[in-house]
$ cat input-v2.cif   # mmCIF, C-alpha atoms
data_structure
#
loop_
_atom_site.label_atom_id
_atom_site.label_comp_id
_atom_site.auth_asym_id
_atom_site.auth_seq_id
_atom_site.Cartn_x
_atom_site.Cartn_y
_atom_site.Cartn_z
CA MET A 30 123.06 47.72 154.55
CA ALA A 31 121.41 50.21 152.20
CA LEU A 32 123.20 51.12 148.99
CA THR A 33 124.81 54.50 148.38
CA ASP A 34 125.17 56.55 145.19
CA THR A 35 128.95 56.21 145.36
CA PHE A 36 128.81 52.43 145.65
CA VAL A 37 126.33 52.09 142.80
CA ARG A 38 128.50 54.29 140.57
CA GLN A 39 131.77 52.48 141.36
CA VAL A 40 130.76 48.83 141.69
CA LYS A 41 132.10 46.54 138.94
CA TRP A 42 131.17 43.09 137.71
CA LYS A 43 133.61 40.47 138.92
CA ASP A 44 133.24 36.94 137.66
CA ARG A 45 129.77 35.49 138.26
CA PRO A 46 128.10 34.72 134.88
CA ALA A 47 124.60 35.21 136.31
CA GLY A 48 125.56 38.55 137.78
CA GLU A 49 126.13 39.81 141.31
CA LYS A 50 123.33 41.09 143.52
CA HIS A 51 123.78 44.05 145.86
CA ALA A 52 120.80 44.48 148.17
CA ASP A 53 119.07 47.68 149.19
CA ALA A 54 116.08 47.91 151.53
CA GLY A 55 112.60 46.57 150.78
CA ASN A 56 113.68 43.72 148.42
CA LEU A 57 115.30 46.18 146.00
CA TYR A 58 118.71 45.18 144.67
CA LEU A 59 121.25 46.08 142.00
CA LEU A 60 122.14 43.24 139.63
CA VAL A 61 125.59 43.83 138.15
CA LYS A 62 126.37 42.03 134.87
CA PRO A 63 129.07 42.40 132.22
CA ALA A 64 126.60 44.35 130.05
CA GLY A 65 125.50 46.79 132.76
CA LYS A 66 123.74 47.43 136.08
CA TYR A 67 120.06 46.51 136.49
CA TRP A 68 117.56 47.37 139.20
CA ARG A 69 115.39 44.49 140.37
CA MET A 70 112.82 43.86 143.08
CA ASP A 71 111.74 40.44 144.31
CA TYR A 72 108.17 40.04 145.55
CA ALA A 73 105.48 37.43 146.03
CA PHE A 74 102.00 37.54 144.53
CA ALA A 75 99.26 34.91 144.70
CA GLY A 76 101.71 32.51 146.32
CA LYS A 77 104.30 32.83 143.54
CA ARG A 78 107.77 34.36 143.73
CA LYS A 79 108.31 37.02 141.07
CA THR A 80 110.90 39.60 140.02
CA LEU A 81 110.12 43.10 138.78
CA ALA A 82 112.55 44.96 136.51
CA LEU A 83 112.81 48.61 137.54
CA GLY A 84 115.26 49.96 134.96
CA VAL A 85 118.94 50.26 134.12
CA TYR A 86 121.56 52.38 135.85
CA PRO A 87 122.48 55.24 135.25
CA ALA A 88 119.25 56.08 133.38
CA VAL A 89 117.47 55.03 136.57
CA SER A 90 119.28 56.40 139.59
CA LEU A 91 119.23 54.90 143.09
CA ALA A 92 116.63 57.46 144.20
CA LEU A 93 114.39 56.74 141.22
CA ALA A 94 114.75 52.98 141.71
CA ARG A 95 113.57 53.40 145.31
CA GLN A 96 110.56 55.45 144.12
CA LYS A 97 109.62 52.68 141.68
CA ARG A 98 110.01 50.09 144.47
CA ASP A 99 107.70 52.08 146.71
CA ARG A 100 105.06 52.39 143.95
CA ALA A 101 105.25 48.64 143.38
CA LYS A 102 104.74 48.00 147.10
CA GLY A 103 101.76 50.34 147.04
CA LEU A 104 100.19 48.27 144.24
CA LEU A 105 100.82 45.07 146.18
CA ALA A 106 99.12 46.61 149.22
CA HIS A 107 96.02 47.07 147.03
CA GLY A 108 96.14 43.51 145.72
CA ILE A 109 97.59 44.45 142.31
CA ASP A 110 100.47 42.56 140.72
CA PRO A 111 103.04 45.27 139.84
CA GLY A 112 104.43 43.09 137.03
CA THR A 113 101.03 42.85 135.37
CA ALA A 114 100.45 46.58 135.93
CA LYS A 115 103.78 47.33 134.24
CA ARG A 116 102.93 45.20 131.20
CA GLU A 117 99.52 46.85 130.89
CA GLU A 118 101.10 50.30 131.16
CA LYS A 119 103.62 49.42 128.44
CA GLN A 120 100.84 48.16 126.21
CA ALA A 121 98.85 51.33 126.78
CA GLN A 122 101.90 53.44 125.96
CA ALA A 123 102.51 51.44 122.79
CA GLU A 124 98.88 51.85 121.73
CA ALA A 125 99.03 55.57 122.44
CA ALA A 126 102.22 55.90 120.38
CA ALA A 127 100.56 54.04 117.51
CA ASN A 128 97.40 56.14 117.80
CA THR A 129 98.75 59.66 117.57
CA PHE A 130 96.59 62.32 115.94
CA GLU A 131 98.74 62.11 112.82
CA ALA A 132 98.39 58.32 112.58
CA VAL A 133 94.61 58.43 113.01
CA ALA A 134 94.24 61.38 110.62
CA THR A 135 96.27 59.58 107.96
CA GLU A 136 94.14 56.47 108.38
CA TRP A 137 90.94 58.55 108.21
CA LEU A 138 92.11 60.26 105.03
CA GLY A 139 92.68 56.89 103.39
CA LYS A 140 89.40 55.39 104.54
CA THR A 141 87.32 58.34 103.36
CA ALA A 142 89.20 59.22 100.17
CA ALA A 143 86.49 57.70 97.96
CA ASP A 144 84.00 60.21 99.36
CA ARG A 145 85.96 63.18 97.97
CA LYS A 146 87.11 64.43 94.62
CA PRO A 147 90.89 64.04 94.14
CA ILE A 148 91.39 67.81 94.26
CA THR A 149 89.46 68.02 97.55
CA GLN A 150 91.44 65.11 98.99
CA ALA A 151 94.66 66.92 98.12
CA LYS A 152 93.46 70.15 99.74
CA VAL A 153 92.34 68.39 102.94
CA THR A 154 95.65 66.53 103.14
CA VAL A 155 97.67 69.74 102.73
CA LEU A 156 95.54 71.52 105.32
CA LEU A 157 96.11 68.80 107.92
CA ASN A 158 99.81 68.39 107.12
CA LYS A 159 100.51 72.12 107.13
CA ASP A 160 98.33 73.50 109.91
CA VAL A 161 97.59 70.63 112.29
CA THR A 162 100.00 67.69 112.49
CA PRO A 163 103.16 69.80 112.98
CA PHE A 164 101.64 70.95 116.28
CA ILE A 165 99.52 68.10 117.68
CA GLY A 166 100.31 65.25 115.30
CA HIS A 167 102.71 63.62 117.74
CA LEU A 168 100.20 63.53 120.61
CA PRO A 169 98.13 60.42 121.38
CA ILE A 170 94.69 61.35 120.08
CA ALA A 171 92.98 60.20 123.28
CA SER A 172 95.10 62.62 125.33
CA ILE A 173 94.32 65.77 123.36
CA LYS A 174 92.17 68.28 125.22
CA PRO A 175 89.99 71.03 123.70
CA LYS A 176 92.45 73.67 124.94
CA ASP A 177 95.31 71.86 123.17
CA LEU A 178 93.53 72.08 119.84
CA LEU A 179 92.51 75.69 120.48
CA ASP A 180 95.89 77.01 121.66
CA MET A 181 98.26 74.89 119.59
CA VAL A 182 96.37 74.98 116.28
CA LEU A 183 93.34 77.22 115.94
CA ARG A 184 94.64 80.33 117.70
CA LYS A 185 97.73 80.24 115.47
CA LEU A 186 95.51 80.39 112.40
CA GLU A 187 93.40 83.17 113.90
CA GLY A 188 96.54 85.06 114.79
CA ARG A 189 97.68 85.25 111.20
CA GLY A 190 94.23 86.34 110.03
CA ALA A 191 93.16 82.99 108.56
CA VAL A 192 89.81 82.90 110.35
CA ASP A 193 87.97 80.91 107.67
CA THR A 194 90.80 78.37 107.61
CA ALA A 195 90.59 78.05 111.40
CA HIS A 196 86.90 77.15 111.08
CA ARG A 197 87.65 74.59 108.34
CA VAL A 198 90.45 73.07 110.41
CA ARG A 199 88.17 72.74 113.44
CA GLN A 200 85.61 70.92 111.30
CA LEU A 201 88.27 68.64 109.83
CA CYS A 202 89.70 67.83 113.24
CA GLY A 203 86.16 67.06 114.40
CA GLN A 204 85.85 64.47 111.64
CA VAL A 205 89.17 62.90 112.66
CA PHE A 206 88.13 62.76 116.32
CA ARG A 207 84.75 61.23 115.44
CA TYR A 208 86.57 58.57 113.42
CA ALA A 209 88.80 57.92 116.43
CA VAL A 210 85.70 57.52 118.61
CA ALA A 211 84.13 55.12 116.12
CA THR A 212 87.30 53.00 116.03
CA GLY A 213 87.72 52.94 119.82
CA ARG A 214 90.73 55.24 120.08
CA ALA A 215 89.15 58.32 121.65
CA GLU A 216 86.28 58.93 124.02
CA ARG A 217 84.68 61.89 122.25
CA ASP A 218 85.00 64.64 119.65
CA ILE A 219 86.79 67.39 121.59
CA ALA A 220 86.55 69.77 118.60
CA ALA A 221 82.81 70.04 119.24
CA ASP A 222 83.61 71.79 122.54
CA LEU A 223 85.17 74.65 120.59
CA ARG A 224 82.01 75.80 118.84
CA GLY A 225 81.79 79.53 119.40
CA ALA A 226 85.43 79.81 120.51
CA LEU A 227 86.62 81.27 117.21
CA ALA A 228 85.98 84.64 115.64
CA ALA A 229 83.04 84.68 113.22
CA LYS A 230 83.72 83.62 109.64
CA GLN A 231 84.41 86.40 107.22
CA GLU A 232 81.97 86.83 104.37
CA THR A 233 83.71 86.03 101.09
CA HIS A 234 82.56 87.53 97.83
CA TYR A 235 84.41 87.06 94.58
CA ALA A 236 85.06 90.40 92.94
CA ALA A 237 83.13 90.75 89.70
CA VAL A 238 82.27 93.30 87.04
CA THR A 239 78.47 93.49 86.88
CA GLU A 240 77.75 96.91 85.33
CA PRO A 241 77.15 96.73 81.53
CA LYS A 242 79.53 99.54 80.56
CA ALA A 243 82.31 98.09 82.69
CA LEU A 244 81.58 94.64 81.25
CA GLY A 245 82.07 96.05 77.77
CA ALA A 246 85.48 97.39 78.77
CA LEU A 247 86.39 94.01 80.28
CA MET A 248 85.39 92.13 77.13
CA ARG A 249 87.36 94.53 74.92
CA ALA A 250 90.39 93.98 77.14
CA ILE A 251 89.97 90.21 76.87
CA HIS A 252 89.61 90.35 73.08
CA GLY A 253 92.73 92.48 72.92
CA TYR A 254 94.77 90.24 75.21
CA VAL A 255 98.05 89.10 73.67
CA GLY A 256 99.17 85.85 75.22
CA LEU A 257 99.37 82.11 74.74
CA PRO A 258 96.43 80.77 72.68
CA VAL A 259 95.35 78.48 75.52
CA THR A 260 95.25 81.40 77.97
CA VAL A 261 93.29 83.56 75.52
CA ALA A 262 90.80 80.72 75.07
CA ALA A 263 90.51 80.24 78.85
CA LEU A 264 89.70 83.92 79.34
CA LYS A 265 87.00 83.91 76.65
CA LEU A 266 85.49 80.59 77.73
CA SER A 267 85.38 81.84 81.34
CA ALA A 268 83.07 84.60 80.21
CA LEU A 269 81.05 82.55 77.73
CA THR A 270 80.38 79.47 79.87
CA PHE A 271 80.66 80.96 83.41
CA VAL A 272 81.48 77.56 84.91
CA ARG A 273 83.60 77.38 88.04
CA PRO A 274 87.33 77.94 87.37
CA GLY A 275 88.26 74.40 88.41
CA GLU A 276 85.64 72.94 86.07
CA LEU A 277 86.97 74.99 83.18
CA ARG A 278 90.66 74.30 83.58
CA GLY A 279 89.96 70.59 84.12
CA ALA A 280 87.90 70.31 80.91
CA GLU A 281 88.73 67.20 78.89
CA TRP A 282 88.24 66.71 75.17
CA GLU A 283 86.17 63.59 75.77
CA GLU A 284 83.62 65.81 77.55
CA ILE A 285 83.23 68.06 74.52
CA ASP A 286 80.88 67.16 71.66
CA LEU A 287 81.22 69.79 68.94
CA ASP A 288 78.58 68.09 66.81
CA THR A 289 75.84 68.35 69.42
CA ARG A 290 77.43 71.56 70.72
CA GLU A 291 77.48 70.35 74.31
CA TRP A 292 80.02 70.12 77.08
CA ARG A 293 79.03 67.37 79.52
CA ILE A 294 80.86 67.50 82.84
CA ALA A 295 80.80 64.35 84.95
CA ALA A 296 79.38 64.46 88.47
CA ALA A 297 82.79 63.65 89.95
CA ARG A 298 84.14 66.96 88.66
CA MET A 299 81.25 69.10 89.88
CA LYS A 300 81.17 70.86 93.23
CA MET A 301 77.64 69.65 93.96
CA GLY A 302 78.37 66.12 92.75
CA VAL A 303 75.76 66.29 89.97
CA ALA A 304 76.58 65.93 86.27
CA HIS A 305 76.23 69.18 84.35
CA ILE A 306 75.59 70.15 80.72
CA VAL A 307 76.93 73.37 79.22
CA PRO A 308 75.28 74.23 75.87
CA LEU A 309 77.97 75.68 73.63
CA SER A 310 77.25 78.90 71.78
CA ASP A 311 78.56 79.56 68.28
CA GLN A 312 81.35 81.62 69.81
CA ALA A 313 82.36 78.87 72.26
CA VAL A 314 82.37 76.26 69.47
CA GLN A 315 84.59 78.51 67.36
CA ILE A 316 87.10 78.84 70.19
CA LEU A 317 87.15 75.09 70.80
CA GLU A 318 87.56 74.33 67.10
CA GLY A 319 90.54 76.67 67.11
CA LEU A 320 92.05 74.86 70.10
CA LYS A 321 91.51 71.37 68.67
CA PRO A 322 94.64 71.37 66.45
CA LEU A 323 96.71 72.70 69.36
CA THR A 324 95.58 70.55 72.29
CA GLY A 325 93.20 67.97 70.80
CA HIS A 326 95.93 65.30 70.77
CA GLY A 327 95.98 65.30 74.57
CA ARG A 328 93.55 64.81 77.40
CA PHE A 329 92.94 68.39 78.49
CA VAL A 330 91.33 71.17 76.51
CA LEU A 331 93.41 73.73 78.42
CA PRO A 332 96.64 71.93 79.35
CA SER A 333 99.54 73.26 81.38
CA VAL A 334 102.17 75.08 79.35
CA ARG A 335 104.81 72.87 81.01
CA THR A 336 103.23 69.50 80.42
CA GLY A 337 100.16 68.28 78.62
CA GLU A 338 99.65 65.70 81.33
CA ARG A 339 98.11 68.27 83.68
CA PRO A 340 95.51 71.02 83.25
CA MET A 341 96.54 74.64 83.30
CA SER A 342 97.38 76.25 86.63
CA GLU A 343 94.54 77.52 88.77
CA ASN A 344 96.29 80.91 88.70
CA THR A 345 96.43 81.30 84.91
CA VAL A 346 93.15 83.15 84.29
CA ASN A 347 93.56 85.37 87.35
CA ALA A 348 97.13 86.20 86.32
CA ALA A 349 95.89 87.14 82.85
CA LEU A 350 93.24 89.40 84.39
CA ARG A 351 95.92 91.05 86.54
CA SER A 352 98.00 91.72 83.42
CA LEU A 353 94.93 93.38 81.87
CA GLY A 354 94.75 95.72 84.85
CA TYR A 355 91.99 93.97 86.81
CA SER A 356 93.04 93.57 90.45
CA THR A 357 91.57 90.96 92.78
CA GLU A 358 89.29 93.69 94.14
CA MET A 359 87.90 94.38 90.65
CA HIS A 360 87.35 91.01 88.97
CA THR A 361 88.41 87.38 89.37
CA ALA A 362 88.11 84.16 87.39
CA HIS A 363 85.28 83.07 89.67
CA GLY A 364 83.72 86.50 89.25
CA PHE A 365 82.51 85.63 85.72
CA ARG A 366 79.76 83.61 87.42
CA ALA A 367 78.50 86.64 89.35
CA THR A 368 78.78 88.72 86.18
CA ALA A 369 76.57 86.32 84.26
CA ARG A 370 74.14 85.85 87.15
CA THR A 371 73.60 89.59 87.51
CA VAL A 372 73.56 90.68 83.87
CA LEU A 373 71.45 87.79 82.57
CA ASP A 374 68.81 88.62 85.15
CA GLU A 375 68.93 92.39 85.51
CA VAL A 376 69.92 93.39 81.97
CA LEU A 377 68.78 90.66 79.61
CA GLY A 378 65.75 89.62 81.64
CA GLU A 379 66.44 85.90 81.41
CA ARG A 380 64.48 83.47 83.60
CA VAL A 381 66.13 83.10 86.97
CA ASP A 382 65.54 79.35 87.09
CA LEU A 383 67.37 78.92 83.76
CA ILE A 384 70.26 81.02 85.03
CA GLU A 385 70.45 78.96 88.23
CA HIS A 386 70.38 75.72 86.23
CA GLN A 387 73.24 76.95 84.08
CA LEU A 388 75.23 78.00 87.15
CA ALA A 389 74.88 74.37 88.31
CA HIS A 390 73.02 75.46 91.42
CA GLU A 391 70.38 73.15 92.82
CA VAL A 392 66.96 74.09 91.46
CA LYS A 393 63.83 72.33 92.71
CA ASP A 394 60.46 71.77 91.05
CA PRO A 395 57.15 72.76 92.71
CA ASN A 396 57.19 69.45 94.60
CA GLY A 397 60.60 70.15 96.09
CA ARG A 398 62.47 67.67 93.89
CA ALA A 399 65.76 68.62 92.27
CA TYR A 400 65.62 68.92 88.47
CA ASN A 401 67.90 66.62 86.52
CA ARG A 402 70.80 67.89 84.43
CA THR A 403 68.82 67.98 81.18
CA ALA A 404 66.04 70.18 82.55
CA HIS A 405 65.09 73.02 80.18
CA LEU A 406 68.10 72.26 77.98
CA PRO A 407 66.63 73.80 74.76
CA ALA A 408 65.77 77.00 76.61
CA ARG A 409 69.19 77.10 78.23
CA ARG A 410 70.81 76.60 74.83
CA GLU A 411 69.00 79.68 73.50
CA MET A 412 69.92 81.67 76.61
CA MET A 413 73.62 80.80 76.26
CA GLN A 414 73.58 81.99 72.64
CA ARG A 415 71.92 85.25 73.64
CA TRP A 416 74.56 85.67 76.33
CA ALA A 417 77.41 85.11 73.88
CA ASP A 418 75.90 87.56 71.39
CA TYR A 419 75.47 90.15 74.15
CA LEU A 420 79.15 89.80 75.15
CA ASP A 421 80.14 90.34 71.51
CA ARG A 422 78.04 93.49 71.33
CA GLN A 423 79.60 94.78 74.51
CA ALA A 424 83.09 94.02 73.21
CA ALA A 425 82.25 95.96 70.05
CA GLY A 426 81.17 98.94 72.14
CA ALA A 427 77.46 98.60 71.34
CA GLU A 428 74.87 100.77 73.01
CA VAL A 429 74.59 99.73 76.61
CA ILE A 430 71.28 98.31 77.81
CA PRO A 431 70.56 99.87 81.21
CA MET A 432 70.12 97.61 84.21
CA ARG A 433 66.52 97.15 85.30
CA SER A 434 65.41 98.98 88.38
CA ALA A 435 64.90 96.88 91.48
CA ALA A 436 61.59 98.67 92.04
#
$ encode --input "input-v2.cif" --output "structure tokens"
Amino acid sequence: MALTDTFVRQVKWKDRPAGEKHADAGNLYLLVKPAGKYWRMDYAFAGKRKTLALGVYPAVSLALARQKRDRAKGLLAHGIDPGTAKREEKQAQAEAAANTFEAVATEWLGKTAADRKPITQAKVTVLLNKDVTPFIGHLPIASIKPKDLLDMVLRKLEGRGAVDTAHRVRQLCGQVFRYAVATGRAERDIAADLRGALAAKQETHYAAVTEPKALGALMRAIHGYVGLPVTVAALKLSALTFVRPGELRGAEWEEIDLDTREWRIAAARMKMGVAHIVPLSDQAVQILEGLKPLTGHGRFVLPSVRTGERPMSENTVNAALRSLGYSTEMHTAHGFRATARTVLDEVLGERVDLIEHQLAHEVKDPNGRAYNRTAHLPARREMMQRWADYLDRQAAGAEVIPMRSAA
């Protein structure tokens, strides 16, 4: 006689150590033991008698146990051992649980860390942990569809106006998916399907003072700035050297040679991955000599005010500019590069190739080969001194040299 819900709920174990069987239809039965009630199904496959476990009551009800029995019989009808199919399904589920997007992304980050600068590795990690894994990190990477990535991650970024970040995240996710494909845990890079699905990237330009008269006012403000000596030095060196803000704040004393008047930045610290030389003007040397007694005992030229073990904050120079009245729409720390690029060319008439070399941009010779870091160093040294002298004249309110006409 078939079992009923009432019977299954009320039946108790009596005294048989191996348990008591209560049959339902189709070889399904309830095995009652002291520890609980278990659904089982006996069947034969390839001439062998076997038993299939279908779950534990009450998590698996009588109705659900019958559904599992019917699915097992369907497999048998197609010549498939339901016990083997169950083990394979469990294995697949375990592999999927171990190969979530978060697990694969974490593995990818570790495997590829040597290809990035530490600061880039930190930024990529934060981006994934903040904007991706909270939403799809728990999903098996092989199960994620393009629409999942678009709706659960990228549209959220677009919705808050972070269009450029959405594009970066799509590219990062693409790298994770390609790694999953290479390691046999996904079939393809689903992020590639989303090309064109996002709003166009916004053009980003760092605000910069580029007009000579305005530059004079900026330099007078910098020379009049009252703040910590390290911050004052950072402001002045930003203008004098026009390196990228991260390269400046990460400057180490071992990179500085005051005798040869050179600052040699290792390739690992440069955006383009190529070592760079900054010739130091008289003014830059004077600033560094003044800093030496203050910070020369440590690693960093411009250390954090809280601890000498880290460089100054990436916000320090911009915060100082804000205190001088220069908003982010007027001038930024990165803007000193555009200032130098424009004024050196259009006002001082310096050679464009020398300017590009000093900006650490890739410059190629007539044969298309990239120049090495020492290219035109004597000429660049002279240019950097002329630039420093010009900034001094502007700070002193000297007569402004008009910008050359584009005609």
$ resolve_selection --input "input-v2.cif" --expression "the PyMOL selection byres ((chain A and resi 176-181) around 9)" --output "count of residues only"
17
$ closest_residue --input "input-v2.cif" --among "A:Asn56, A:Thr113, A:Gln39, A:Thr357" --to "A:Val238" --atoms "all atoms listed in the file"
A:Thr357
$ atom_distance --input "input-v2.cif" --atom1 "atom CA of A:Gly139" --atom2 "atom CA of A:Thr194"
22.0 Å
$ resolve_selection --input "input-v2.cif" --expression "the PyMOL selection byres ((chain A and resi 250) around 12)" --output "list of chain:residue names"
A:Ala243, A:Leu244, A:Gly245, A:Ala246, A:Leu247, A:Met248, A:Arg249, A:Ile251, A:His252, A:Gly253, A:Tyr254, A:Val255, A:Val261, A:Leu264, A:Lys265, A:Ala349, A:Leu350, A:Arg351, A:Ser352, A:Leu353, A:Gly354, A:Tyr355, A:Gln423, A:Ala424, A:Ala425, A:Gly426
$ resolve_selection --input "input-v2.cif" --expression "the PyMOL selection byres ((chain A and resi 62-74) around 7)" --output "list in words"
Trp42, Gly48, Glu49, Asn56, Leu57, Tyr58, Leu59, Leu60, Val61, Ala75, Gly76, Lys77, Arg78, Lys79, Thr80, Leu81, Ala82, Leu83, Gly84, Val85, Tyr86, Ala94, Arg98 and Asp110 of chain A
$ closest_residue --input "input-v2.cif" --among "A:Pro111, A:Pro147, A:Gly55, A:Pro258" --to "A:Arg298" --atoms "only C-alpha atoms"
A:Pro147
$ atom_distance --input "input-v2.cif" --atom1 "atom CA of A:Glu281" --atom2 "atom CA of A:Ala142"
22.7 Å
$ decode --input "input-v2.cif" --residues "stretch 47-70 of chain A" --atoms "N, CA and C atoms" --output "PDB file, in the first residue's frame"
ATOM      1  N   ALA A  47      19.091  -2.071  12.099  1.00  0.00           N
ATOM      2  CA  ALA A  47      19.341  -1.725  10.705  1.00  0.00           C
ATOM      3  C   ALA A  47      18.286  -0.781  10.153  1.00  0.00           C
ATOM      4  N   GLY A  48      17.237  -0.542  10.930  1.00  0.00           N
ATOM      5  CA  GLY A  48      16.180   0.333  10.470  1.00  0.00           C
ATOM      6  C   GLY A  48      14.999  -0.447   9.936  1.00  0.00           C
ATOM      7  N   GLU A  49      13.877   0.222   9.814  1.00  0.00           N
ATOM      8  CA  GLU A  49      12.643  -0.408   9.353  1.00  0.00           C
ATOM      9  C   GLU A  49      12.207   0.207   8.034  1.00  0.00           C
ATOM     10  N   LYS A  50      11.911  -0.651   7.062  1.00  0.00           N
ATOM     11  CA  LYS A  50      11.524  -0.185   5.737  1.00  0.00           C
ATOM     12  C   LYS A  50      10.010  -0.119   5.618  1.00  0.00           C
ATOM     13  N   HIS A  51       9.540   0.985   4.999  1.00  0.00           N
ATOM     14  CA  HIS A  51       8.110   1.148   4.743  1.00  0.00           C
ATOM     15  C   HIS A  51       7.967   1.474   3.261  1.00  0.00           C
ATOM     16  N   ALA A  52       7.398   0.517   2.522  1.00  0.00           N
ATOM     17  CA  ALA A  52       7.408   0.599   1.058  1.00  0.00           C
ATOM     18  C   ALA A  52       6.357   1.552   0.510  1.00  0.00           C
ATOM     19  N   ASP A  53       6.723   2.217  -0.566  1.00  0.00           N
ATOM     20  CA  ASP A  53       5.812   2.987  -1.400  1.00  0.00           C
ATOM     21  C   ASP A  53       5.812   2.295  -2.761  1.00  0.00           C
ATOM     22  N   ALA A  54       5.224   2.872  -3.759  1.00  0.00           N
ATOM     23  CA  ALA A  54       5.188   2.249  -5.084  1.00  0.00           C
ATOM     24  C   ALA A  54       6.502   2.463  -5.822  1.00  0.00           C
ATOM     25  N   GLY A  55       6.757   1.583  -6.819  1.00  0.00           N
ATOM     26  CA  GLY A  55       7.900   1.759  -7.707  1.00  0.00           C
ATOM     27  C   GLY A  55       9.240   1.602  -7.035  1.00  0.00           C
ATOM     28  N   ASN A  56       9.356   0.699  -6.054  1.00  0.00           N
ATOM     29  CA  ASN A  56      10.616   0.406  -5.348  1.00  0.00           C
ATOM     30  C   ASN A  56      11.095   1.533  -4.434  1.00  0.00           C
ATOM     31  N   LEU A  57      10.253   2.549  -4.223  1.00  0.00           N
ATOM     32  CA  LEU A  57      10.582   3.612  -3.278  1.00  0.00           C
ATOM     33  C   LEU A  57      10.169   3.168  -1.883  1.00  0.00           C
ATOM     34  N   TYR A  58      11.003   3.462  -0.894  1.00  0.00           N
ATOM     35  CA  TYR A  58      10.628   3.131   0.488  1.00  0.00           C
ATOM     36  C   TYR A  58      11.250   4.142   1.448  1.00  0.00           C
ATOM     37  N   LEU A  59      10.650   4.183   2.654  1.00  0.00           N
ATOM     38  CA  LEU A  59      11.142   5.043   3.727  1.00  0.00           C
ATOM     39  C   LEU A  59      11.865   4.170   4.727  1.00  0.00           C
ATOM     40  N   LEU A  60      13.149   4.472   4.963  1.00  0.00           N
ATOM     41  CA  LEU A  60      13.951   3.720   5.925  1.00  0.00           C
ATOM     42  C   LEU A  60      14.007   4.530   7.209  1.00  0.00           C
ATOM     43  N   VAL A  61      13.397   3.971   8.272  1.00  0.00           N
ATOM     44  CA  VAL A  61      13.326   4.687   9.547  1.00  0.00           C
ATOM     45  C   VAL A  61      14.405   4.154  10.475  1.00  0.00           C
ATOM     46  N   LYS A  62      15.274   5.059  10.945  1.00  0.00           N
ATOM     47  CA  LYS A  62      16.366   4.718  11.858  1.00  0.00           C
ATOM     48  C   LYS A  62      16.295   5.615  13.095  1.00  0.00           C
ATOM     49  N   PRO A  63      17.074   5.294  14.112  1.00  0.00           N
ATOM     50  CA  PRO A  63      17.057   6.152  15.306  1.00  0.00           C
ATOM     51  C   PRO A  63      17.449   7.595  14.987  1.00  0.00           C
ATOM     52  N   ALA A  64      18.322   7.779  13.983  1.00  0.00           N
ATOM     53  CA  ALA A  64      18.813   9.122  13.669  1.00  0.00           C
ATOM     54  C   ALA A  64      17.897   9.899  12.747  1.00  0.00           C
ATOM     55  N   GLY A  65      16.906   9.228  12.111  1.00  0.00           N
ATOM     56  CA  GLY A  65      16.029   9.948  11.207  1.00  0.00           C
ATOM     57  C   GLY A  65      15.345   9.046  10.197  1.00  0.00           C
ATOM     58  N   LYS A  66      14.707   9.688   9.196  1.00  0.00           N
ATOM     59  CA  LYS A  66      13.941   8.978   8.178  1.00  0.00           C
ATOM     60  C   LYS A  66      14.564   9.253   6.811  1.00  0.00           C
ATOM     61  N   TYR A  67      14.872   8.179   6.065  1.00  0.00           N
ATOM     62  CA  TYR A  67      15.643   8.283   4.830  1.00  0.00           C
ATOM     63  C   TYR A  67      14.877   7.661   3.664  1.00  0.00           C
ATOM     64  N   TRP A  68      14.854   8.380   2.544  1.00  0.00           N
ATOM     65  CA  TRP A  68      14.223   7.860   1.345  1.00  0.00           C
ATOM     66  C   TRP A  68      15.235   7.048   0.543  1.00  0.00           C
ATOM     67  N   ARG A  69      14.797   5.864   0.125  1.00  0.00           N
ATOM     68  CA  ARG A  69      15.657   4.976  -0.648  1.00  0.00           C
ATOM     69  C   ARG A  69      14.870   4.376  -1.811  1.00  0.00           C
ATOM     70  N   MET A  70      15.608   3.949  -2.824  1.00  0.00           N
ATOM     71  CA  MET A  70      14.997   3.279  -3.969  1.00  0.00           C
ATOM     72  C   MET A  70      15.927   2.156  -4.410  1.00  0.00           C
TER      73      MET A  70
END
